[in-house]
Every structure is written in C-alpha cells, then in structure tokens.
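With mmCIF, C-alpha atoms inside, this is data.cif:
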```
data_work
#
loop_
_atom_site.group_PDB
_atom_site.id
_atom_site.type_symbol
_atom_site.label_atom_id
_atom_site.label_comp_id
_atom_site.auth_asym_id
_atom_site.auth_seq_id
_atom_site.Cartn_x
_atom_site.Cartn_y
_atom_site.Cartn_z
ATOM 1 C CA MET X 87 -51.011 53.782 -78.274
ATOM 2 C CA ALA X 88 -52.114 50.370 -77.094
ATOM 3 C CA VAL X 89 -53.670 46.972 -77.704
ATOM 4 C CA LEU X 90 -57.371 47.784 -77.948
ATOM 5 C CA ASN X 91 -60.556 45.714 -77.700
ATOM 6 C CA LEU X 92 -58.871 43.786 -74.878
ATOM 7 C CA ARG X 93 -60.689 41.372 -72.580
ATOM 8 C CA PRO X 94 -60.027 38.075 -70.757
ATOM 9 C CA LEU X 95 -61.507 34.666 -71.512
ATOM 10 C CA ILE X 96 -61.722 31.338 -69.652
ATOM 11 C CA GLY X 97 -60.615 32.600 -66.281
ATOM 12 C CA GLY X 98 -58.051 35.020 -67.690
ATOM 13 C CA ARG X 99 -55.885 32.327 -69.275
ATOM 14 C CA ILE X 100 -56.613 33.929 -72.656
ATOM 15 C CA LEU X 101 -56.630 37.619 -73.460
ATOM 16 C CA ARG X 102 -58.152 38.596 -76.776
ATOM 17 C CA GLY X 103 -57.441 41.916 -78.417
ATOM 18 C CA SER X 104 -56.318 43.951 -81.386
ATOM 19 C CA GLN X 105 -52.908 44.397 -82.944
ATOM 20 C CA PRO X 106 -50.433 46.633 -81.088
ATOM 21 C CA PHE X 107 -51.320 50.103 -82.303
ATOM 22 C CA GLY X 108 -48.200 52.301 -82.334
ATOM 23 C CA MET X 109 -46.404 50.607 -79.421
ATOM 24 C CA ASP X 110 -42.631 50.873 -79.161
ATOM 25 C CA ALA X 111 -40.442 48.402 -77.236
ATOM 26 C CA THR X 112 -40.930 50.205 -73.911
ATOM 27 C CA ALA X 113 -44.713 50.363 -74.229
ATOM 28 C CA THR X 114 -44.775 46.730 -75.309
ATOM 29 C CA SER X 115 -42.792 45.611 -72.254
ATOM 30 C CA VAL X 116 -45.034 47.594 -69.918
ATOM 31 C CA PHE X 117 -48.140 46.103 -71.525
ATOM 32 C CA LEU X 118 -46.906 42.494 -71.410
ATOM 33 C CA ASP X 119 -45.692 42.810 -67.805
ATOM 34 C CA HIS X 120 -48.881 44.510 -66.641
ATOM 35 C CA HIS X 121 -51.039 41.705 -68.013
ATOM 36 C CA GLY X 122 -48.658 38.850 -67.204
ATOM 37 C CA ILE X 123 -48.609 37.721 -70.824
ATOM 38 C CA GLN X 124 -46.322 34.757 -71.501
ATOM 39 C CA ALA X 125 -47.252 34.057 -75.132
ATOM 40 C CA VAL X 126 -48.572 36.138 -78.012
ATOM 41 C CA VAL X 127 -50.410 34.406 -80.851
ATOM 42 C CA ASP X 128 -50.417 36.753 -83.840
ATOM 43 C CA LEU X 129 -53.049 35.715 -86.391
ATOM 44 C CA ARG X 130 -52.169 38.418 -88.935
ATOM 45 C CA SER X 131 -50.552 37.919 -92.300
ATOM 46 C CA GLY X 132 -46.966 39.039 -92.792
ATOM 47 C CA TYR X 133 -48.280 41.994 -94.792
ATOM 48 C CA GLU X 134 -50.336 43.168 -91.815
ATOM 49 C CA ARG X 135 -47.508 42.599 -89.336
ATOM 50 C CA ALA X 136 -45.151 44.726 -91.403
ATOM 51 C CA ILE X 137 -47.492 47.699 -91.042
ATOM 52 C CA SER X 138 -47.863 47.360 -87.262
ATOM 53 C CA PRO X 139 -45.165 45.055 -85.856
ATOM 54 C CA TRP X 140 -44.537 43.836 -82.345
ATOM 55 C CA HIS X 141 -41.398 45.258 -80.721
ATOM 56 C CA LEU X 142 -40.304 42.498 -78.345
ATOM 57 C CA GLU X 143 -36.645 43.348 -77.913
ATOM 58 C CA ASN X 144 -35.219 42.025 -74.634
ATOM 59 C CA HIS X 145 -38.586 40.678 -73.515
ATOM 60 C CA GLU X 146 -39.098 37.003 -72.781
ATOM 61 C CA VAL X 147 -42.393 36.068 -74.392
ATOM 62 C CA ASP X 148 -43.260 33.349 -76.887
ATOM 63 C CA LEU X 149 -44.347 34.949 -80.154
ATOM 64 C CA VAL X 150 -46.364 32.522 -82.266
ATOM 65 C CA GLU X 151 -47.001 33.790 -85.786
ATOM 66 C CA ASN X 152 -49.978 31.745 -86.957
ATOM 67 C CA PRO X 153 -51.322 33.696 -89.925
ATOM 68 C CA LEU X 154 -54.618 33.417 -91.687
ATOM 69 C CA ASP X 155 -54.875 36.022 -94.418
ATOM 70 C CA PRO X 156 -58.594 36.651 -94.981
ATOM 71 C CA ARG X 157 -57.896 37.855 -98.517
ATOM 72 C CA LEU X 158 -56.438 34.473 -99.428
ATOM 73 C CA ALA X 159 -58.719 32.333 -97.250
ATOM 74 C CA SER X 160 -61.843 33.674 -98.944
ATOM 75 C CA ALA X 161 -62.406 34.945 -102.447
ATOM 76 C CA GLY X 162 -65.614 36.691 -101.490
ATOM 77 C CA LEU X 163 -64.732 39.420 -99.001
ATOM 78 C CA ASP X 164 -66.460 42.027 -101.147
ATOM 79 C CA ALA X 165 -69.662 39.974 -101.119
ATOM 80 C CA ILE X 166 -70.230 40.124 -97.360
ATOM 81 C CA HIS X 167 -73.358 42.176 -96.852
ATOM 82 C CA THR X 168 -75.215 40.389 -94.038
ATOM 83 C CA ALA X 169 -74.456 38.870 -90.663
ATOM 84 C CA GLU X 170 -75.072 35.451 -92.179
ATOM 85 C CA ASP X 171 -72.463 36.169 -94.878
ATOM 86 C CA LEU X 172 -69.986 37.042 -92.137
ATOM 87 C CA ALA X 173 -70.742 33.796 -90.301
ATOM 88 C CA GLU X 174 -70.220 31.809 -93.483
ATOM 89 C CA LEU X 175 -66.818 33.457 -93.886
ATOM 90 C CA TYR X 176 -65.910 32.275 -90.395
ATOM 91 C CA LEU X 177 -67.174 28.762 -91.067
ATOM 92 C CA GLY X 178 -65.066 28.659 -94.219
ATOM 93 C CA TRP X 179 -61.977 29.349 -92.145
ATOM 94 C CA VAL X 180 -62.572 26.500 -89.697
ATOM 95 C CA ARG X 181 -63.529 24.109 -92.490
ATOM 96 C CA ALA X 182 -60.344 24.850 -94.397
ATOM 97 C CA ARG X 183 -57.926 25.250 -91.466
ATOM 98 C CA PRO X 184 -58.894 23.349 -88.309
ATOM 99 C CA ASP X 185 -55.163 23.096 -87.570
ATOM 100 C CA TRP X 186 -54.993 26.906 -87.507
ATOM 101 C CA VAL X 187 -57.534 27.012 -84.681
ATOM 102 C CA ALA X 188 -55.828 24.244 -82.696
ATOM 103 C CA ASP X 189 -52.351 25.728 -83.109
ATOM 104 C CA SER X 190 -53.627 29.131 -81.964
ATOM 105 C CA LEU X 191 -54.774 27.597 -78.682
ATOM 106 C CA ARG X 192 -51.749 25.396 -78.033
ATOM 107 C CA PRO X 193 -49.834 27.922 -75.862
ATOM 108 C CA VAL X 194 -52.868 28.084 -73.574
ATOM 109 C CA THR X 195 -52.789 24.301 -73.204
ATOM 110 C CA GLN X 196 -49.159 24.649 -72.092
ATOM 111 C CA GLY X 197 -50.257 26.780 -69.153
ATOM 112 C CA LYS X 198 -49.177 30.123 -70.636
ATOM 113 C CA ARG X 199 -51.280 33.248 -70.189
ATOM 114 C CA THR X 200 -51.785 33.993 -73.865
ATOM 115 C CA LEU X 201 -52.750 37.045 -75.877
ATOM 116 C CA ILE X 202 -54.531 36.040 -79.088
ATOM 117 C CA HIS X 203 -55.019 38.828 -81.601
ATOM 118 C CA CYS X 204 -55.417 39.716 -85.251
ATOM 119 C CA SER X 205 -55.836 43.273 -86.537
ATOM 120 C CA LEU X 206 -59.075 44.458 -84.961
ATOM 121 C CA GLY X 207 -59.430 41.451 -82.673
ATOM 122 C CA LYS X 208 -62.933 40.600 -83.856
ATOM 123 C CA ASP X 209 -62.923 38.153 -86.789
ATOM 124 C CA ARG X 210 -59.981 35.731 -86.739
ATOM 125 C CA THR X 211 -59.623 36.357 -83.015
ATOM 126 C CA GLY X 212 -63.369 35.988 -82.621
ATOM 127 C CA VAL X 213 -63.387 32.583 -84.325
ATOM 128 C CA VAL X 214 -60.530 31.187 -82.231
ATOM 129 C CA SER X 215 -62.053 32.669 -79.075
ATOM 130 C CA ALA X 216 -65.472 31.205 -79.836
ATOM 131 C CA VAL X 217 -64.057 27.700 -80.287
ATOM 132 C CA ALA X 218 -62.056 28.019 -77.054
ATOM 133 C CA LEU X 219 -65.166 29.139 -75.205
ATOM 134 C CA LEU X 220 -67.221 26.316 -76.713
ATOM 135 C CA ALA X 221 -64.597 23.807 -75.608
ATOM 136 C CA SER X 222 -64.807 25.298 -72.111
ATOM 137 C CA ASP X 223 -68.586 24.732 -71.998
ATOM 138 C CA THR X 224 -69.476 28.425 -72.193
ATOM 139 C CA ALA X 225 -73.117 29.075 -73.045
ATOM 140 C CA HIS X 226 -73.839 30.231 -76.586
ATOM 141 C CA ARG X 227 -75.426 33.467 -75.369
ATOM 142 C CA ASP X 228 -72.217 34.353 -73.500
ATOM 143 C CA ILE X 229 -70.056 33.609 -76.549
ATOM 144 C CA VAL X 230 -72.313 35.833 -78.639
ATOM 145 C CA ALA X 231 -72.080 38.596 -76.029
ATOM 146 C CA ASP X 232 -68.278 38.362 -75.987
ATOM 147 C CA TYR X 233 -68.107 38.621 -79.779
ATOM 148 C CA ALA X 234 -70.530 41.547 -79.923
ATOM 149 C CA ALA X 235 -68.522 43.391 -77.242
ATOM 150 C CA SER X 236 -66.104 44.391 -80.017
ATOM 151 C CA THR X 237 -68.751 46.728 -81.436
ATOM 152 C CA GLU X 238 -68.088 49.454 -78.880
ATOM 153 C CA ALA X 239 -64.359 49.531 -79.645
ATOM 154 C CA LEU X 240 -64.651 49.422 -83.428
ATOM 155 C CA PRO X 241 -65.029 53.139 -84.302
ATOM 156 C CA ALA X 242 -61.805 54.153 -82.550
ATOM 157 C CA MET X 243 -59.932 51.123 -83.874
ATOM 158 C CA LEU X 244 -61.058 51.668 -87.449
ATOM 159 C CA GLN X 245 -59.978 55.284 -87.312
ATOM 160 C CA THR X 246 -56.581 54.351 -85.887
ATOM 161 C CA MET X 247 -56.076 51.494 -88.326
ATOM 162 C CA ALA X 248 -57.078 53.627 -91.303
ATOM 163 C CA ALA X 249 -54.436 56.204 -90.377
ATOM 164 C CA ALA X 250 -51.731 53.518 -90.119
ATOM 165 C CA TRP X 251 -52.650 51.818 -93.385
ATOM 166 C CA ARG X 252 -52.938 55.058 -95.353
ATOM 167 C CA LEU X 253 -49.512 56.069 -94.127
ATOM 168 C CA ALA X 254 -48.019 52.763 -95.245
ATOM 169 C CA ILE X 255 -50.151 52.387 -98.374
ATOM 170 C CA PRO X 256 -51.287 55.804 -99.649
ATOM 171 C CA GLU X 257 -53.480 54.279 -102.351
ATOM 172 C CA VAL X 258 -55.860 52.722 -99.800
ATOM 173 C CA PRO X 259 -59.289 54.223 -100.594
ATOM 174 C CA GLU X 260 -61.026 56.456 -98.076
ATOM 175 C CA ASP X 261 -63.943 54.082 -97.624
ATOM 176 C CA ALA X 262 -61.835 50.955 -97.008
ATOM 177 C CA PHE X 263 -62.358 51.265 -93.255
ATOM 178 C CA SER X 264 -65.924 52.513 -93.294
ATOM 179 C CA PRO X 265 -67.974 51.226 -90.315
ATOM 180 C CA SER X 266 -70.885 50.818 -92.723
ATOM 181 C CA LEU X 267 -69.208 47.742 -94.240
ATOM 182 C CA MET X 268 -70.586 44.517 -92.772
ATOM 183 C CA LEU X 269 -67.102 42.999 -92.939
ATOM 184 C CA LEU X 270 -65.989 45.581 -90.378
ATOM 185 C CA GLN X 271 -68.940 45.180 -88.046
ATOM 186 C CA SER X 272 -69.416 42.776 -85.146
ATOM 187 C CA PRO X 273 -73.121 41.896 -84.938
ATOM 188 C CA GLY X 274 -74.202 39.279 -82.455
ATOM 189 C CA ALA X 275 -76.243 37.589 -85.172
ATOM 190 C CA ALA X 276 -73.050 36.690 -87.050
ATOM 191 C CA MET X 277 -71.771 34.718 -84.079
ATOM 192 C CA GLU X 278 -75.198 33.124 -83.566
ATOM 193 C CA TYR X 279 -75.147 31.873 -87.153
ATOM 194 C CA PHE X 280 -71.539 30.714 -86.749
ATOM 195 C CA LEU X 281 -72.265 28.725 -83.599
ATOM 196 C CA GLU X 282 -75.305 27.092 -85.186
ATOM 197 C CA GLY X 283 -73.310 26.144 -88.262
ATOM 198 C CA PHE X 284 -70.285 24.966 -86.276
ATOM 199 C CA THR X 285 -72.396 22.729 -84.047
ATOM 200 C CA ARG X 286 -74.282 21.322 -87.039
ATOM 201 C CA GLU X 287 -71.089 20.517 -88.969
ATOM 202 C CA PHE X 288 -68.611 19.549 -86.262
ATOM 203 C CA GLY X 289 -70.639 18.621 -83.199
ATOM 204 C CA SER X 290 -68.564 19.479 -80.154
ATOM 205 C CA ALA X 291 -65.639 21.891 -80.047
ATOM 206 C CA THR X 292 -63.594 19.347 -78.112
ATOM 207 C CA GLY X 293 -64.090 16.794 -80.881
ATOM 208 C CA PHE X 294 -63.185 19.392 -83.497
ATOM 209 C CA LEU X 295 -59.985 20.339 -81.661
ATOM 210 C CA ARG X 296 -59.073 16.700 -81.024
ATOM 211 C CA ASP X 297 -59.408 15.947 -84.729
ATOM 212 C CA ALA X 298 -57.357 19.109 -85.421
ATOM 213 C CA GLY X 299 -54.437 17.836 -83.374
ATOM 214 C CA LEU X 300 -54.904 18.674 -79.692
ATOM 215 C CA SER X 301 -54.371 15.771 -77.312
ATOM 216 C CA ALA X 302 -56.750 14.802 -74.528
ATOM 217 C CA ALA X 303 -54.306 16.297 -72.014
ATOM 218 C CA GLU X 304 -54.147 19.560 -73.968
ATOM 219 C CA LEU X 305 -57.926 19.729 -74.133
ATOM 220 C CA ASP X 306 -58.162 19.190 -70.370
ATOM 221 C CA SER X 307 -55.641 21.983 -69.858
ATOM 222 C CA LEU X 308 -57.585 24.298 -72.166
ATOM 223 C CA ARG X 309 -60.738 23.630 -70.176
ATOM 224 C CA GLY X 310 -58.921 24.099 -66.876
ATOM 225 C CA VAL X 311 -59.569 20.489 -65.792
#
```
Go ahead and express the file in the form of structure tokens.
Amino acid sequence: MAVLNLRPLIGGRILRGSQPFGMDATATSVFLDHHGIQAVVDLRSGYERAISPWHLENHEVDLVENPLDPRLASAGLDAIHTAEDLAELYLGWVRARPDWVADSLRPVTQGKRTLIHCSLGKDRTGVVSAVALLASDTAHRDIVADYAASTEALPAMLQTMAAAWRLAIPEVPEDAFSPSLMLLQSPGAAMEYFLEGFTREFGSATGFLRDAGLSAAELDSLRGV
C-alpha cells in the first residue's frame, strides 16, 4: 500500500497526503527515502493512528503527533450537507486552535522537508495546507485547485479506509464511508468559502500565524525568504 493523495506544496518543502495505508517498516523507509522526508506531522487522533500506524523503526525522521480529532472539535459532523457547511467546520478549527495550525508548520520553518497528513489528506491537511499557501502568497484560485485535487483520489482512498476501519471496528456501518456524504467530499466551493471567511476574520495568514506563535524568522523560512 502507500501514502495516497500525495502532492508537493511551496516548492516541495511540504508534501501533503493521506495516512500510510498498510505500509510496513520496509515500505515506510522506502517511501521516506524516496521523497527525502525529514519530518512527518500526523494530524490524526490517537484512535485513528492505532488503526493505521506509522512504522518508523530504525528510520531517522521527526514524527510530530499534532492531533485534531474532528469528532471532538465539532459537535455537528452529521449536519454537514453543503460546501458552505464544510467550510464552516474548517473555520471552527482555526478559530479554536490557531496553535494547532502553527505547530503543524513549525518543522517546515526549521528547514525540514515535511509530510503533513491526516487520514484522507483533505480536511485537516487541507486547512493547514491552505494557511501555508496563503502565507506564501499563493493565489486563492490555486489554493482552491490544490484542495479540489483530492477529489480524484477519494474513491480509492475511501474504499481502502473503509476496509481498514471495518476490520478494526466491525460495527462501523456500511455507509460510513459513502462518497455521497458531503463530509467526505472535496468541492472547490468549500475552500472558496473557507478562504473568504478566513480573510474576513483574520486578515493575513502571516498575521494569523504570528499571533499563533510563529516568529518573524519562522514566517520568513515558511515563505522561503
């Protein structure tokens, strides 16, 4: 298996992707070496990591476990029916946990080629990636396009994830990973709404990250200055 939904950001200093699907220690080492990854920022909860863990034995890489459990960070996951609902979920995360975003990007500011991932690599990863891209002066249309690029990978990932979760938790219902659920989709409109709301509430991404704890030097490093 592999890390899916994988693509580089800001000159390749960030890779964004999914969890490691079915990778043993050998496959993990090959993957990390092939991509030159020096740090892994795992945004999943401990519950999620237990189902699909990293196997990093005898491999020198910084593993940063920086969880945000969407079940605990929002009480309304079942009420997400539109792209705007999805964007509001994302905005709730950055309102509640600006430190979570800043801490996720800190290995990048230290000059480490960093893989940032959650489970599917679209929501939590998408939020952190969007803020990083905003701070790097990426145009909104390009941030939207990067977010929406997850759509192509979703069917295969959902099928693979469903198999893993049902094996670990047999009581998971059949429709829990249905692509018809807005929560499991990646529409460009959701990121458009998020960017509009983020800019309205926080102004610049650099100001947001500075207030969240990144220094001026770290922000320059993030931007490649």
Residues in the PyMOL selection byres ((chain X and resi 275) around 9), expressed as a short mmCIF file (atom, residue, chain, number, x, y, z; two decimals) with C-alpha atoms, in the coordinates of the input:
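Produced file result_0.cif, reproduced below:
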```
data_model
loop_
_atom_site.label_atom_id
_atom_site.label_comp_id
_atom_site.auth_asym_id
_atom_site.auth_seq_id
_atom_site.Cartn_x
_atom_site.Cartn_y
_atom_site.Cartn_z
CA ALA X 169 -74.46 38.87 -90.66
CA GLU X 170 -75.07 35.45 -92.18
CA ALA X 173 -70.74 33.80 -90.30
CA VAL X 230 -72.31 35.83 -78.64
CA ALA X 234 -70.53 41.55 -79.92
CA SER X 272 -69.42 42.78 -85.15
CA PRO X 273 -73.12 41.90 -84.94
CA GLY X 274 -74.20 39.28 -82.46
CA ALA X 276 -73.05 36.69 -87.05
CA MET X 277 -71.77 34.72 -84.08
CA GLU X 278 -75.20 33.12 -83.57
CA TYR X 279 -75.15 31.87 -87.15
CA PHE X 280 -71.54 30.71 -86.75
#
```
Could you tell me which residues the PyMOL selection byres ((chain X and resi 121) around 12) returns for this structure, as a compact mmCIF listing (two decimals) with C-alpha atoms, in the coordinates of the input?
```txt
# COMPACT_ATOMS: atom_id res chain seq x y z
CA VAL X 89 -53.67 46.97 -77.70
CA LEU X 92 -58.87 43.79 -74.88
CA ARG X 93 -60.69 41.37 -72.58
CA PRO X 94 -60.03 38.08 -70.76
CA GLY X 98 -58.05 35.02 -67.69
CA ARG X 99 -55.88 32.33 -69.28
CA ILE X 100 -56.61 33.93 -72.66
CA LEU X 101 -56.63 37.62 -73.46
CA ARG X 102 -58.15 38.60 -76.78
CA THR X 114 -44.78 46.73 -75.31
CA SER X 115 -42.79 45.61 -72.25
CA VAL X 116 -45.03 47.59 -69.92
CA PHE X 117 -48.14 46.10 -71.53
CA LEU X 118 -46.91 42.49 -71.41
CA ASP X 119 -45.69 42.81 -67.81
CA HIS X 120 -48.88 44.51 -66.64
CA GLY X 122 -48.66 38.85 -67.20
CA ILE X 123 -48.61 37.72 -70.82
CA GLN X 124 -46.32 34.76 -71.50
CA ALA X 125 -47.25 34.06 -75.13
CA VAL X 126 -48.57 36.14 -78.01
CA ARG X 199 -51.28 33.25 -70.19
CA THR X 200 -51.78 33.99 -73.86
CA LEU X 201 -52.75 37.04 -75.88
```
### Task
Determine the residue set returned by the PyMOL selection byres ((chain X and resi 185-191) around 9) for the present structure, and present it as a ChimeraX atom specification.
/X:100,127-129,150-154,179-180,182-184,192-195,200,202,213-215,217-218,294-300,308
### Task
Choose the residue, out of X:Leu163, X:Cys204, X:Leu175, X:Leu95, that has the smallest atom-to-atom separation from X:Trp140; count only C-alpha atoms.
X:Cys204
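The space separating atom CA of X:Asp155 from atom CA of X:Arg130 comes to 6.6 Å.
The space between atom CA of X:Arg227 and atom CA of X:Pro241 spans 24.0 Å.
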Extending 8 Å beyond the listed atoms of stretch 152-158 of chain X on each side, what axis-aligned box results? I want centre and edge lengths in Å to one decimal, as AutoDock Vina command-line options.
```
--center_x -54.3 --center_y 34.8 --center_z -93.2 --size_x 24.6 --size_y 22.1 --size_z 28.5
```
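Nearest residue to X:Phe107 among X:Tyr176, X:Gly310, X:Ala302, X:Ala248 is X:Ala248, counting all atoms listed in the file.
Reported to one decimal place, the separation of atom CA of X:Ile96 from atom CA of X:Glu282 is 21.1 Å.
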### Message
Could you check which residues have any atom within 12 Å of (-54.2, 50.5, -85.4), counting all atoms listed in the file with coordinates taken straight from the file, and then list them as a ChimeraX atom specification?
### Response
/X:87-91,103-109,134-135,137-139,204-207,239-254,263
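The smallest atom-to-atom distance between X:Glu174 and any of X:Val311, X:Thr112, X:Pro259, X:Gly283, using all atoms listed in the file, is found for X:Gly283.
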### Query
Which protein, DNA or RNA residues have an atom at most 8 Å from (-61.8, 46.9, -100.3), counting only C-alpha atoms? List them as a PyMOL selection string.
chain X and resi 164+259+261-262
Closest atom pairs, stretch 161-242 of chain X residues within 7 Å of stretch 266-271 of chain X, all atoms listed in the file, as a Markdown table:
```
| residue | atom | partner | partner_atom | distance |
| --- | --- | --- | --- | --- |
| X:Ile166 | CA | X:Leu269 | CA | 6.1 |
| X:His167 | CA | X:Met268 | CA | 5.5 |
| X:Thr168 | CA | X:Met268 | CA | 6.3 |
| X:Leu172 | CA | X:Leu269 | CA | 6.7 |
| X:Thr237 | CA | X:Gln271 | CA | 6.8 |
```
### Message
Restricting the calculation to all atoms listed in the file: of X:Thr292, X:Ser222, X:Asn144, X:Thr211, which residue gets closest to X:Ser236?
### Response
X:Thr211
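Using all atoms listed in the file, the nearest neighbour of X:Pro156 within the list X:His203, X:Lys198, X:Arg210, X:Arg181 is X:Arg210.
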